[in-house]
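This is model_23.cif (mmCIF, C-alpha atoms and all ligand atoms).
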```cif
data_data
loop_
_atom_site.label_atom_id
_atom_site.label_comp_id
_atom_site.auth_asym_id
_atom_site.auth_seq_id
_atom_site.Cartn_x
_atom_site.Cartn_y
_atom_site.Cartn_z
CA MET N 561 0.00 0.00 0.00
CA GLY N 562 2.76 2.45 -0.92
CA SER N 563 0.26 5.01 -2.16
CA SER N 564 -2.07 4.90 0.85
CA ARG N 565 0.21 7.29 2.70
CA LEU N 566 -0.58 10.06 0.23
CA GLU N 567 -4.25 9.52 0.85
CA LEU N 568 -4.30 10.13 4.58
CA TYR N 569 -6.81 12.69 5.84
CA GLU N 570 -4.26 14.69 7.84
CA PRO N 571 -0.83 13.35 6.84
CA ALA N 572 1.15 15.85 8.95
CA LEU N 573 -0.63 14.82 12.15
CA GLU N 574 -0.92 11.13 11.32
CA THR N 575 2.68 10.47 10.29
CA MET N 576 4.70 12.75 12.62
CA SER N 577 7.53 11.00 14.46
CA ARG N 578 6.81 9.54 17.91
CA GLU N 579 9.00 12.30 19.42
CA GLU N 580 6.96 15.05 17.74
CA LEU N 581 3.74 13.30 18.69
CA GLN N 582 4.80 12.97 22.31
CA SER N 583 5.77 16.63 22.56
CA LEU N 584 2.34 17.58 21.14
CA GLN N 585 0.71 15.25 23.69
CA LEU N 586 2.73 16.70 26.56
CA LYS N 587 1.79 20.26 25.60
CA ARG N 588 -1.87 19.26 25.53
CA ILE N 589 -1.68 17.28 28.81
CA LYS N 590 -0.25 20.34 30.58
CA TRP N 591 -3.06 22.53 29.19
CA GLN N 592 -5.69 19.96 30.22
CA LEU N 593 -4.40 19.34 33.76
CA LYS N 594 -4.16 23.08 34.49
CA ARG N 595 -7.71 23.81 33.40
CA CYS N 596 -9.08 20.71 35.19
CA TYR N 597 -7.34 21.76 38.40
CA GLU N 598 -8.62 25.32 38.13
CA ASN N 599 -12.17 24.67 36.91
CA SER N 600 -13.26 21.28 38.27
CA VAL N 601 -13.69 20.69 42.00
CA PHE N 602 -13.76 16.93 41.34
CA TYR N 603 -10.28 16.98 39.79
CA LYS N 604 -8.86 19.53 42.25
CA GLU N 605 -9.87 17.30 45.18
CA LYS N 606 -8.49 14.25 43.43
CA PHE N 607 -5.13 15.84 42.58
CA ASP N 608 -4.80 17.36 46.08
CA LYS N 609 -5.52 14.01 47.70
CA ALA N 610 -2.76 12.45 45.59
CA GLY N 611 -0.44 15.37 46.47
CA VAL N 612 0.09 16.24 42.79
CA LYS N 613 -0.05 19.70 41.22
CA PRO N 614 -0.49 20.08 37.43
CA GLU N 615 3.05 21.50 37.18
CA ASP N 616 4.45 18.25 38.67
CA VAL N 617 3.65 16.55 35.36
CA ARG N 618 6.73 17.37 33.27
CA SER N 619 6.84 14.27 31.10
CA ILE N 620 4.19 11.90 29.78
CA SER N 621 5.16 9.19 32.25
CA ASP N 622 4.62 11.69 35.11
CA ILE N 623 0.91 11.29 34.48
CA THR N 624 1.12 8.00 36.40
CA LYS N 625 1.48 10.14 39.55
CA LEU N 626 -2.24 10.84 39.16
CA PRO N 627 -4.88 8.30 40.24
CA VAL N 628 -7.18 6.71 37.64
CA VAL N 629 -10.85 7.71 37.26
CA THR N 630 -13.40 4.88 37.25
CA LYS N 631 -16.97 4.79 36.00
CA GLN N 632 -18.16 3.93 39.51
CA GLU N 633 -16.46 7.06 40.81
CA LEU N 634 -18.25 9.22 38.21
CA ARG N 635 -21.56 7.60 39.15
CA GLU N 636 -21.04 8.34 42.84
CA GLU N 637 -19.97 11.89 41.99
CA GLN N 638 -23.20 12.44 40.03
CA GLU N 639 -25.27 10.98 42.84
CA LYS N 640 -23.63 13.21 45.42
CA TYR N 641 -23.68 16.35 43.29
CA PRO N 642 -26.66 15.98 40.96
CA PRO N 643 -27.28 16.13 38.17
CA TYR N 644 -23.85 16.27 36.48
CA GLY N 645 -21.27 15.91 39.25
CA ARG N 646 -18.34 18.34 39.43
CA TYR N 647 -16.05 16.89 36.76
CA ALA N 648 -16.89 19.39 34.01
CA ALA N 649 -14.08 21.82 33.25
CA SER N 650 -16.02 24.38 31.22
CA PRO N 651 -19.03 26.49 32.25
CA PRO N 652 -22.62 25.25 31.55
CA GLU N 653 -23.23 27.95 28.91
CA ASP N 654 -20.54 26.22 26.80
CA TRP N 655 -22.30 22.81 26.92
CA ARG N 656 -24.10 21.59 23.80
CA GLU N 657 -24.80 17.81 23.89
CA ILE N 658 -25.05 14.98 26.40
CA HIS N 659 -23.97 11.48 25.43
CA PRO N 660 -24.41 9.20 28.43
CA THR N 661 -22.96 5.74 28.88
CA THR N 662 -25.45 3.01 27.94
CA GLY N 663 -26.25 2.23 31.57
CA THR N 664 -26.17 -1.52 30.97
CA THR N 665 -24.17 -2.07 34.18
CA GLY N 666 -25.71 0.59 36.44
CA ALA N 667 -26.84 4.24 36.38
CA GLN N 668 -25.69 6.03 33.25
CA VAL N 669 -22.83 8.53 33.42
CA TYR N 670 -23.32 11.88 31.67
CA ASN N 671 -20.65 12.97 29.21
CA ILE N 672 -21.01 16.48 27.88
CA TRP N 673 -19.66 17.98 24.65
CA SER N 674 -18.97 21.68 24.11
CA GLU N 675 -19.21 23.20 20.63
CA LYS N 676 -15.45 22.70 20.23
CA ASP N 677 -15.84 19.07 21.43
CA VAL N 678 -18.54 18.48 18.80
CA GLN N 679 -16.15 19.87 16.16
CA ASN N 680 -13.14 17.82 17.30
CA ILE N 681 -15.12 14.59 17.61
CA THR N 682 -16.78 15.18 14.22
CA HIS N 683 -13.37 15.80 12.70
CA TRP N 684 -11.64 12.72 14.06
CA THR N 685 -14.65 10.57 13.16
CA ALA N 686 -14.49 11.96 9.60
CA ARG N 687 -10.78 11.06 9.57
CA THR N 688 -11.71 7.53 10.68
CA LEU N 689 -14.29 7.13 7.90
CA TRP N 690 -11.85 8.58 5.34
CA ASN N 691 -9.23 6.05 6.42
CA PHE N 692 -11.76 3.27 5.79
CA GLY N 693 -12.01 4.55 2.21
CA VAL N 694 -15.18 6.67 2.49
CA ARG N 695 -15.05 9.58 0.05
CA PRO N 696 -17.22 12.61 -0.89
CA GLY N 697 -20.23 11.40 -2.83
CA ASP N 698 -20.58 8.16 -0.90
CA ILE N 699 -24.07 7.33 0.38
CA ILE N 700 -23.93 6.26 4.02
CA GLN N 701 -26.61 4.14 5.66
CA ASN N 702 -26.16 4.93 9.35
CA ALA N 703 -27.65 2.00 11.27
CA PHE N 704 -26.10 3.16 14.54
CA SER N 705 -28.80 4.07 17.02
CA TYR N 706 -29.35 7.84 17.02
CA GLY N 707 -30.19 9.84 20.09
CA LEU N 708 -28.27 9.15 23.23
CA TRP N 709 -25.73 6.68 21.88
CA VAL N 710 -22.45 8.38 21.06
CA ALA N 711 -21.95 6.65 17.68
CA GLY N 712 -25.12 7.73 15.85
CA MET N 713 -24.85 11.52 15.96
CA SER N 714 -21.07 11.71 15.63
CA SER N 715 -20.91 9.56 12.50
CA HIS N 716 -23.84 11.57 11.08
CA TYR N 717 -21.90 14.81 11.60
CA ALA N 718 -18.72 13.20 10.22
CA ALA N 719 -20.49 12.04 7.06
CA ARG N 720 -21.55 15.64 6.48
CA GLU N 721 -18.00 16.92 7.01
CA LEU N 722 -16.80 14.44 4.37
CA GLY N 723 -19.46 15.51 1.89
CA CYS N 724 -21.57 12.34 1.92
CA LEU N 725 -25.32 11.73 1.73
CA VAL N 726 -26.60 10.16 4.97
CA ILE N 727 -29.56 7.78 5.31
CA PRO N 728 -30.27 8.01 9.05
CA THR N 729 -31.91 4.58 9.47
CA GLY N 730 -30.70 4.38 13.09
CA ALA N 731 -32.34 1.56 15.07
CA THR N 732 -34.82 0.68 12.26
CA PRO N 733 -35.57 -3.12 12.21
CA ALA N 734 -33.50 -5.36 9.95
CA ASP N 735 -36.01 -5.87 7.16
CA ARG N 736 -36.59 -2.14 6.76
CA GLN N 737 -32.82 -1.64 6.76
CA ILE N 738 -32.59 -4.16 3.92
CA ASP N 739 -35.31 -2.31 2.00
CA TYR N 740 -33.05 0.77 2.15
CA LEU N 741 -29.95 -1.23 1.20
CA ILE N 742 -31.82 -2.36 -1.92
CA GLY N 743 -33.82 0.79 -2.69
CA ALA N 744 -31.60 3.75 -1.76
CA ARG N 745 -28.35 2.07 -2.91
CA PRO N 746 -26.01 3.16 -0.11
CA THR N 747 -22.29 2.51 -0.67
CA VAL N 748 -21.33 2.51 3.01
CA LEU N 749 -22.99 0.78 6.00
CA LEU N 750 -22.42 1.75 9.65
CA ALA N 751 -23.62 -0.85 12.19
CA THR N 752 -22.64 -3.11 15.07
CA PRO N 753 -20.93 -6.32 13.87
CA SER N 754 -23.68 -8.54 15.33
CA PHE N 755 -26.33 -6.54 13.45
CA ALA N 756 -24.26 -6.74 10.25
CA LEU N 757 -24.10 -10.52 10.60
CA TYR N 758 -27.85 -10.63 11.07
CA LEU N 759 -28.43 -8.41 8.03
CA GLY N 760 -26.30 -10.86 6.03
CA GLU N 761 -28.43 -13.77 7.30
CA ARG N 762 -31.67 -11.97 6.42
CA LEU N 763 -30.39 -11.03 2.97
CA ALA N 764 -29.69 -14.70 2.26
CA GLU N 765 -33.13 -15.70 3.58
CA ARG N 766 -34.72 -13.10 1.31
CA HIS N 767 -32.66 -14.44 -1.63
CA VAL N 768 -31.01 -11.05 -2.23
CA SER N 769 -27.48 -11.51 -3.55
CA PRO N 770 -24.93 -9.17 -1.91
CA GLU N 771 -23.53 -8.41 -5.39
CA SER N 772 -26.82 -6.78 -6.36
CA LEU N 773 -26.31 -4.10 -3.69
CA ALA N 774 -24.15 -0.97 -4.14
CA LEU N 775 -22.41 -1.46 -0.75
CA ARG N 776 -18.62 -1.15 -0.80
CA ILE N 777 -17.51 -0.43 2.76
CA GLY N 778 -18.77 -1.43 6.22
CA CYS N 779 -17.76 0.42 9.39
CA PHE N 780 -18.37 -1.63 12.49
CA GLY N 781 -18.20 -0.71 16.14
CA GLY N 782 -20.04 -0.77 19.45
CA GLU N 783 -18.72 -4.21 20.34
CA PRO N 784 -15.70 -6.32 19.39
CA GLY N 785 -16.15 -8.61 16.41
CA ALA N 786 -15.14 -7.16 13.05
CA GLU N 787 -11.45 -7.64 13.80
CA VAL N 788 -11.96 -11.37 14.45
CA ALA N 789 -10.90 -12.87 11.09
CA SER N 790 -13.70 -15.43 10.82
CA THR N 791 -16.38 -12.85 11.81
CA ARG N 792 -15.01 -10.34 9.34
CA LYS N 793 -15.13 -12.93 6.57
CA LYS N 794 -18.77 -13.71 7.33
CA ILE N 795 -19.76 -10.04 7.39
CA GLU N 796 -17.84 -9.33 4.19
CA SER N 797 -19.30 -12.24 2.22
CA GLY N 798 -22.79 -11.73 3.69
CA LEU N 799 -22.99 -8.11 2.57
CA GLY N 800 -20.41 -7.97 -0.25
CA ILE N 801 -18.23 -5.33 1.43
CA ALA N 802 -14.81 -4.60 2.91
CA ALA N 803 -15.37 -4.52 6.70
CA PHE N 804 -13.49 -2.21 9.06
CA ASP N 805 -13.45 -2.21 12.83
CA TYR N 806 -13.41 0.74 15.17
CA TYR N 807 -13.59 1.23 18.90
CA GLY N 808 -15.10 3.97 21.01
CA LEU N 809 -16.68 4.54 24.38
CA ALA N 810 -19.09 7.21 25.54
CA GLU N 811 -16.80 8.54 28.26
CA ILE N 812 -14.00 9.26 25.76
CA GLY N 813 -15.70 9.52 22.37
CA PRO N 814 -16.65 7.49 19.34
CA THR N 815 -14.08 6.01 16.94
CA CYS N 816 -11.12 6.83 19.18
CA ALA N 817 -9.35 3.84 17.59
CA SER N 818 -9.88 2.39 14.13
CA GLU N 819 -8.38 0.15 11.47
CA CYS N 820 -6.44 1.30 8.42
CA PRO N 821 -6.35 -0.57 5.08
CA GLU N 822 -3.46 -2.69 6.41
CA LYS N 823 -5.83 -4.12 9.07
CA THR N 824 -2.97 -4.74 11.51
CA GLY N 825 -4.84 -3.41 14.52
CA ILE N 826 -6.81 -0.32 15.49
CA HIS N 827 -4.91 3.01 15.39
CA TRP N 828 -5.54 5.39 18.29
CA VAL N 829 -6.36 9.09 17.75
CA GLU N 830 -3.26 9.94 19.72
CA ASP N 831 -3.43 13.65 18.93
CA HIS N 832 -6.72 13.84 20.88
CA VAL N 833 -6.46 10.97 23.38
CA LEU N 834 -3.44 9.76 25.37
CA VAL N 835 -3.52 5.98 25.73
CA GLU N 836 -1.76 4.06 28.49
CA LEU N 837 -1.76 0.30 29.01
CA VAL N 838 -1.87 -0.67 32.67
CA ASN N 839 -1.42 -4.01 34.38
CA PRO N 840 -4.52 -4.29 36.63
CA GLN N 841 -2.63 -6.17 39.35
CA THR N 842 0.42 -3.89 39.71
CA MET N 843 -1.20 -0.71 38.27
CA LYS N 844 2.11 -0.13 36.43
CA TRP N 845 2.58 0.35 32.68
CA CYS N 846 2.61 -2.93 30.77
CA GLN N 847 5.70 -4.37 29.13
CA PRO N 848 5.77 -4.36 25.31
CA ASP N 849 3.58 -7.26 24.07
CA GLU N 850 1.82 -7.57 27.43
CA ALA N 851 -1.97 -7.15 27.35
CA GLY N 852 -3.43 -4.73 29.88
CA VAL N 853 -6.26 -2.32 30.64
CA LEU N 854 -6.58 0.79 28.44
CA VAL N 855 -6.38 4.01 30.44
CA MET N 856 -7.23 7.17 28.50
CA THR N 857 -6.73 10.89 28.93
CA HIS N 858 -8.49 13.56 26.89
CA LEU N 859 -5.96 15.92 25.33
CA THR N 860 -8.42 18.32 23.67
CA LYS N 861 -11.83 17.68 25.30
CA GLU N 862 -13.30 20.78 26.95
CA ALA N 863 -16.61 20.04 28.70
CA THR N 864 -16.12 16.78 30.65
CA PRO N 865 -12.49 15.78 30.18
CA MET N 866 -11.36 12.41 31.50
CA ILE N 867 -7.94 12.23 33.13
CA ARG N 868 -6.60 8.65 33.28
CA TYR N 869 -10.01 7.05 32.67
CA TRP N 870 -10.04 3.34 33.52
CA SER N 871 -11.81 1.88 30.46
CA ASN N 872 -11.85 -1.68 31.82
CA ASP N 873 -11.13 -2.82 28.22
CA VAL N 874 -8.15 -5.09 27.63
CA ALA N 875 -5.81 -4.70 24.63
CA ARG N 876 -2.19 -4.67 23.50
CA LEU N 877 -0.31 -1.62 22.21
CA ASP N 878 2.21 -1.42 19.35
CA VAL N 879 4.00 1.88 18.71
CA ALA N 880 5.97 0.77 15.62
CA ARG N 881 5.19 2.77 12.46
CA CYS N 882 2.47 0.99 10.46
CA ALA N 883 2.89 0.08 6.79
CA CYS N 884 0.15 2.66 6.07
CA GLY N 885 2.58 5.38 7.18
CA ARG N 886 0.81 6.24 10.41
CA THR N 887 2.78 6.60 13.64
CA HIS N 888 -0.27 6.58 15.92
CA ALA N 889 -0.10 3.47 18.15
CA ARG N 890 -2.13 0.41 17.24
CA SER N 891 -3.84 -2.31 19.26
CA PRO N 892 -3.28 -5.52 17.28
CA GLY N 893 -6.37 -7.73 17.32
CA GLY N 894 -8.52 -4.85 18.64
CA ILE N 895 -10.10 -5.07 22.06
CA LEU N 896 -9.44 -8.48 23.61
CA GLY N 897 -12.21 -8.26 26.22
CA ARG N 898 -13.48 -6.53 29.34
CA ALA N 899 -11.15 -6.80 32.30
CA ASP N 900 -14.07 -8.16 34.34
CA ASP N 901 -15.37 -10.40 31.50
CA MET N 902 -12.26 -12.47 31.89
CA ILE N 903 -13.41 -16.01 32.52
CA VAL N 904 -11.38 -18.06 34.95
CA TYR N 905 -12.24 -21.69 34.41
CA ARG N 906 -10.26 -24.66 35.70
CA GLY N 907 -7.18 -22.49 36.07
CA ALA N 908 -7.29 -21.09 32.51
CA LYS N 909 -7.99 -17.39 31.84
CA PHE N 910 -9.73 -16.32 28.66
CA TYR N 911 -12.11 -13.78 27.07
CA PRO N 912 -15.40 -14.32 25.17
CA THR N 913 -13.76 -13.04 21.95
CA GLN N 914 -11.45 -16.06 21.97
CA ILE N 915 -14.46 -18.40 22.04
CA GLU N 916 -16.09 -16.36 19.28
CA ARG N 917 -12.99 -16.71 17.10
CA VAL N 918 -13.18 -20.52 17.38
CA LEU N 919 -16.97 -20.80 16.85
CA ARG N 920 -16.93 -18.58 13.76
CA SER N 921 -14.50 -20.95 12.07
CA PHE N 922 -17.22 -23.66 12.02
CA LYS N 923 -19.52 -23.29 9.05
CA GLU N 924 -22.01 -25.73 10.65
CA LEU N 925 -22.79 -23.13 13.36
CA SER N 926 -24.76 -19.86 13.26
CA ASP N 927 -23.20 -16.55 14.33
CA GLU N 928 -25.01 -16.44 17.66
CA TYR N 929 -23.69 -18.01 20.84
CA ARG N 930 -23.83 -17.67 24.61
CA ILE N 931 -21.36 -18.55 27.32
CA GLU N 932 -23.12 -19.90 30.40
CA LEU N 933 -21.35 -19.95 33.71
CA ALA N 934 -22.93 -21.99 36.50
CA THR N 935 -22.04 -23.63 39.79
CA ASP N 936 -21.98 -27.40 40.11
CA GLU N 937 -23.15 -27.55 43.72
CA LYS N 938 -22.38 -31.22 44.25
CA ARG N 939 -18.74 -30.73 43.39
CA SER N 940 -18.60 -26.99 44.28
CA THR N 941 -16.90 -26.19 41.00
CA ASN N 942 -17.79 -23.89 38.14
CA ILE N 943 -19.24 -25.16 34.88
CA CYS N 944 -18.70 -23.32 31.62
CA THR N 945 -21.06 -24.21 28.76
CA VAL N 946 -20.92 -22.74 25.28
CA VAL N 947 -24.40 -22.63 23.75
CA VAL N 948 -24.43 -22.67 19.95
CA GLU N 949 -26.94 -22.99 17.12
CA CYS N 950 -26.66 -25.66 14.43
CA LEU N 951 -27.53 -24.43 10.95
CA SER N 952 -29.02 -27.80 10.03
CA GLU N 953 -30.67 -30.61 12.01
CA ASP N 954 -28.96 -33.26 9.85
CA ILE N 955 -25.53 -32.69 11.35
CA ASP N 956 -23.87 -35.45 13.40
CA LYS N 957 -23.86 -33.52 16.68
CA ALA N 958 -21.64 -35.89 18.66
CA GLN N 959 -18.94 -35.64 16.04
CA LEU N 960 -19.31 -31.85 15.72
CA GLU N 961 -19.19 -31.44 19.51
CA GLU N 962 -15.91 -33.32 19.63
CA ARG N 963 -14.38 -31.10 16.93
CA VAL N 964 -15.59 -27.84 18.52
CA ARG N 965 -14.31 -28.89 21.94
CA ALA N 966 -10.92 -29.82 20.48
CA ALA N 967 -10.68 -26.41 18.76
CA LEU N 968 -11.69 -24.65 21.99
CA ARG N 969 -9.12 -26.63 23.96
CA ALA N 970 -6.40 -25.58 21.51
CA GLU N 971 -7.35 -21.91 21.96
CA LEU N 972 -8.20 -21.80 25.69
CA GLN N 973 -6.24 -24.71 27.18
CA VAL N 974 -9.55 -26.01 28.58
CA ALA N 975 -12.63 -27.41 26.84
CA PRO N 976 -16.00 -25.99 27.97
CA ALA N 977 -19.13 -28.13 27.55
CA ILE N 978 -21.18 -27.59 24.37
CA ARG N 979 -24.98 -27.37 24.13
CA PHE N 980 -26.73 -27.29 20.75
CA LEU N 981 -29.87 -25.31 20.03
CA GLU N 982 -32.00 -25.12 16.91
CA PHE N 983 -31.14 -22.31 14.49
CA GLY N 984 -32.92 -19.06 15.43
CA THR N 985 -33.43 -19.88 19.12
CA LEU N 986 -30.98 -17.31 20.53
CA GLU N 987 -32.09 -13.68 20.62
CA ARG N 988 -30.81 -11.39 17.81
CA THR N 989 -30.05 -7.81 18.67
CA THR N 990 -29.52 -4.50 16.86
CA PHE N 991 -27.44 -3.29 19.80
CA LYS N 992 -24.68 -4.92 21.81
CA ALA N 993 -25.13 -8.66 22.12
CA LYS N 994 -24.97 -10.05 25.63
CA ARG N 995 -22.79 -13.13 25.35
CA ILE N 996 -22.19 -14.17 28.95
CA VAL N 997 -24.97 -15.57 31.13
CA ASP N 998 -23.61 -15.82 34.64
CA LYS N 999 -25.61 -18.11 36.95
CA ARG N 1000 -22.78 -18.75 39.34
CA LYS N 1001 -23.54 -18.66 43.05
CA PRO N 1002 -21.25 -16.28 44.93
CA ASN N 1003 -19.03 -18.24 47.33
ZN ZN Q 1101 -2.01 1.57 9.63
#
```

Transcribe the structure of this file into structure tokens.
Ligand SMILES: [Zn+2]
Amino acid sequence: MGSSRLELYEPALETMSREELQSLQLKRIKWQLKRCYENSVFYKEKFDKAGVKPEDVRSISDITKLPVVTKQELREEQEKYPPYGRYAASPPEDWREIHPTTGTTGAQVYNIWSEKDVQNITHWTARTLWNFGVRPGDIIQNAFSYGLWVAGMSSHYAARELGCLVIPTGATPADRQIDYLIGARPTVLLATPSFALYLGERLAERHVSPESLALRIGCFGGEPGAEVASTRKKIESGLGIAAFDYYGLAEIGPTCASECPEKTGIHWVEDHVLVELVNPQTMKWCQPDEAGVLVMTHLTKEATPMIRYWSNDVARLDVARCACGRTHARSPGGILGRADDMIVYRGAKFYPTQIERVLRSFKELSDEYRIELATDEKRSTNICTVVVECLSEDIDKAQLEERVRAALRAELQVAPAIRFLEFGTLERTTFKAKRIVDKRKPN
């Protein structure tokens, strides 16, 4: 891809040397810490408690002197100082939009964008779409839920910045989405990977060939999946597209990491977000190649900046220059899992994405699955069962079970039990699929 470098959205920012990038980051960190200390009581109290003044941060690694911020902490802050807590660093008259966390694991946390935040987030999301190959004149079907979810509005704004026509289908049901894919001839689809897989399934059931659509590019986020090779292949063949993965979270912003045409990991927007990788046991920076929890700091965010936000998402980090020319660090393989989704079973530690990778390599199985964790009370041990759907009832299940378990054992070092269901039994979702069903009794 020798020519891709010329086609970057902002080549000067995306290909600067690591030294230049780090000095830009340091300048922005200093600006951010000073304004947080001066304007946010939440941060002032936090820094004072840690005995750190903004001017004590003289290098990027000095940021580790500051404590991390957790979602639970923001929730408690909001509860104590309703409605928005005291972590905003700009005055209310500068606030423009609220994008809360989804609230799937407790009360939602409010994240606020100023006008400048809307512009910056729009701009880096446009850069993300550009790097996927989206160009002026493309027609974008935006199947990300609009409204509160951070991905819908930001990709809508970004499509406008790029000069594209947007079809704001949002959370419209699958069959209506397909009507638009056929009728309005979009060239780009934005969706969650599980919804994209389902759209592919429905297309096949409706006997619509992917080649008859105008789709060229798919941008997938909201949950891990598109960077898993077997999942990507299914999405690509199901919809006749090139599929790209991105990662974002409401507290930090949408598309803060995304793939390039080389598909060697997701590149971070390191000019807007500082990314650290922290070992959750020692709370120290990870060694190269070691997986750890992503901790993020807003470098340009005005309204509700996050300083060392504990994402709870596990990844690796590679700072070597990519073949695409970019110097912004990459996470090979994308997000590996949630730190607290890690399954410990018979001494082995693994993440749901590893199970997904194995299951998606079996063409006898559908794309849906669940991981059930339960307690075997007689033996006071945990049981892990992977629930899958067979595409056909004529399959020799005993033989298939043996092959799936062997493949799982090779990946995880242990072999969970397998339970087969009829195709279509497991719930399909347009939003984030819930893969783990935890019925374990607390000990
Ligand atoms: Zn790259």

Checklist entry - Counting only C-alpha atoms, what is within 7 Å of Pro976 (chain N), bar same-chain residues fewer than 3 positions away, as an MDAnalysis selection string? => result chainID N and resid 944:946 965

Item to check | Pick from N:Thr747, N:Val629, N:Thr864, N:Met576, whichever lies nearest to Cys596 (chain N) using only C-alpha atoms | outcome: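 Of all the options, N:Thr864 lies closest to Cys596 (chain N).
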
Item to check | Expected selection as a PyMOL selection string for ligand ZN 1101 (chain Q) within 8 Å, all atoms listed in the file | outcome: chain N and resi 819-827+881-886+890

Next on the checklist: Quick one: residues within 6 Å of region 727-735 of chain N, only C-alpha atoms, excluding same-chain residues fewer than 6 positions away - as a list in words?
Outcome noted: Ile700, Gln701, Asn702, Ala703, Phe704, Ser705 and Tyr706 of chain N

Item to check | Spatial neighbours of Trp828 (chain N), max dist 7 Å, only C-alpha atoms, sep filter under 4 positions, as a PyMOL selection string | outcome: chain N and resi 816-818+888-890

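Using all atoms listed in the file, the smallest distance between any of N:Thr941, N:Gln914, N:Gln973, N:Ser715 and Ile681 (chain N) comes from N:Ser715.
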
Produce a table with one row for each residue of region 848-955 of chain N that has an atom at most 12 Å from any atom of region 802-815 of chain N, each row naming the nearest atom pair and its distance in Å at one decimal; use all atoms listed in the file; arrange rows by chain and rising residue number; format as a tab-separated table.
```
residue	atom	partner	partner_atom	distance
N:Leu854	CA	N:Leu809	CA	11.5
N:Val855	CA	N:Ile812	CA	10.4
N:Met856	CA	N:Ile812	CA	7.6
N:Thr857	CA	N:Ile812	CA	8.1
N:His858	CA	N:Ile812	CA	7.1
N:Leu859	CA	N:Ile812	CA	10.4
N:Thr860	CA	N:Ile812	CA	10.8
N:Lys861	CA	N:Ile812	CA	8.7
N:Glu862	CA	N:Ile812	CA	11.6
N:Ala863	CA	N:Ile812	CA	11.5
N:Thr864	CA	N:Glu811	CA	8.6
N:Pro865	CA	N:Ile812	CA	8.0
N:Met866	CA	N:Ile812	CA	7.1
N:Ile867	CA	N:Ile812	CA	10.0
N:Arg868	CA	N:Ile812	CA	10.6
N:Tyr869	CA	N:Glu811	CA	8.2
N:Trp870	CA	N:Glu811	CA	10.0
N:Ser871	CA	N:Leu809	CA	8.2
N:Asn872	CA	N:Leu809	CA	10.8
N:Asp873	CA	N:Leu809	CA	10.0
N:Ala875	CA	N:Tyr807	CA	11.3
N:Arg890	CA	N:Tyr806	CA	11.5
N:Ser891	CA	N:Tyr807	CA	10.4
N:Pro892	CA	N:Asp805	CA	11.6
N:Gly893	CA	N:Asp805	CA	10.0
N:Gly894	CA	N:Tyr807	CA	7.9
N:Ile895	CA	N:Tyr807	CA	7.9
N:Leu896	CA	N:Tyr807	CA	11.6
```

Write the residues you've just listed into a file as a PDB file, in the frame of the given file, and include C-alpha atoms for each of them.
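Okay, result13.pdb is ready:
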```pdb
ATOM      1  CA  LEU N 854      -6.580   0.790  28.440  1.00  0.00           C
ATOM      2  CA  VAL N 855      -6.380   4.010  30.440  1.00  0.00           C
ATOM      3  CA  MET N 856      -7.230   7.170  28.500  1.00  0.00           C
ATOM      4  CA  THR N 857      -6.730  10.890  28.930  1.00  0.00           C
ATOM      5  CA  HIS N 858      -8.490  13.560  26.890  1.00  0.00           C
ATOM      6  CA  LEU N 859      -5.960  15.920  25.330  1.00  0.00           C
ATOM      7  CA  THR N 860      -8.420  18.320  23.670  1.00  0.00           C
ATOM      8  CA  LYS N 861     -11.830  17.680  25.300  1.00  0.00           C
ATOM      9  CA  GLU N 862     -13.300  20.780  26.950  1.00  0.00           C
ATOM     10  CA  ALA N 863     -16.610  20.040  28.700  1.00  0.00           C
ATOM     11  CA  THR N 864     -16.120  16.780  30.650  1.00  0.00           C
ATOM     12  CA  PRO N 865     -12.490  15.780  30.180  1.00  0.00           C
ATOM     13  CA  MET N 866     -11.360  12.410  31.500  1.00  0.00           C
ATOM     14  CA  ILE N 867      -7.940  12.230  33.130  1.00  0.00           C
ATOM     15  CA  ARG N 868      -6.600   8.650  33.280  1.00  0.00           C
ATOM     16  CA  TYR N 869     -10.010   7.050  32.670  1.00  0.00           C
ATOM     17  CA  TRP N 870     -10.040   3.340  33.520  1.00  0.00           C
ATOM     18  CA  SER N 871     -11.810   1.880  30.460  1.00  0.00           C
ATOM     19  CA  ASN N 872     -11.850  -1.680  31.820  1.00  0.00           C
ATOM     20  CA  ASP N 873     -11.130  -2.820  28.220  1.00  0.00           C
ATOM     21  CA  ALA N 875      -5.810  -4.700  24.630  1.00  0.00           C
ATOM     22  CA  ARG N 890      -2.130   0.410  17.240  1.00  0.00           C
ATOM     23  CA  SER N 891      -3.840  -2.310  19.260  1.00  0.00           C
ATOM     24  CA  PRO N 892      -3.280  -5.520  17.280  1.00  0.00           C
ATOM     25  CA  GLY N 893      -6.370  -7.730  17.320  1.00  0.00           C
ATOM     26  CA  GLY N 894      -8.520  -4.850  18.640  1.00  0.00           C
ATOM     27  CA  ILE N 895     -10.100  -5.070  22.060  1.00  0.00           C
ATOM     28  CA  LEU N 896      -9.440  -8.480  23.610  1.00  0.00           C
TER      29      LEU N 896
END
```
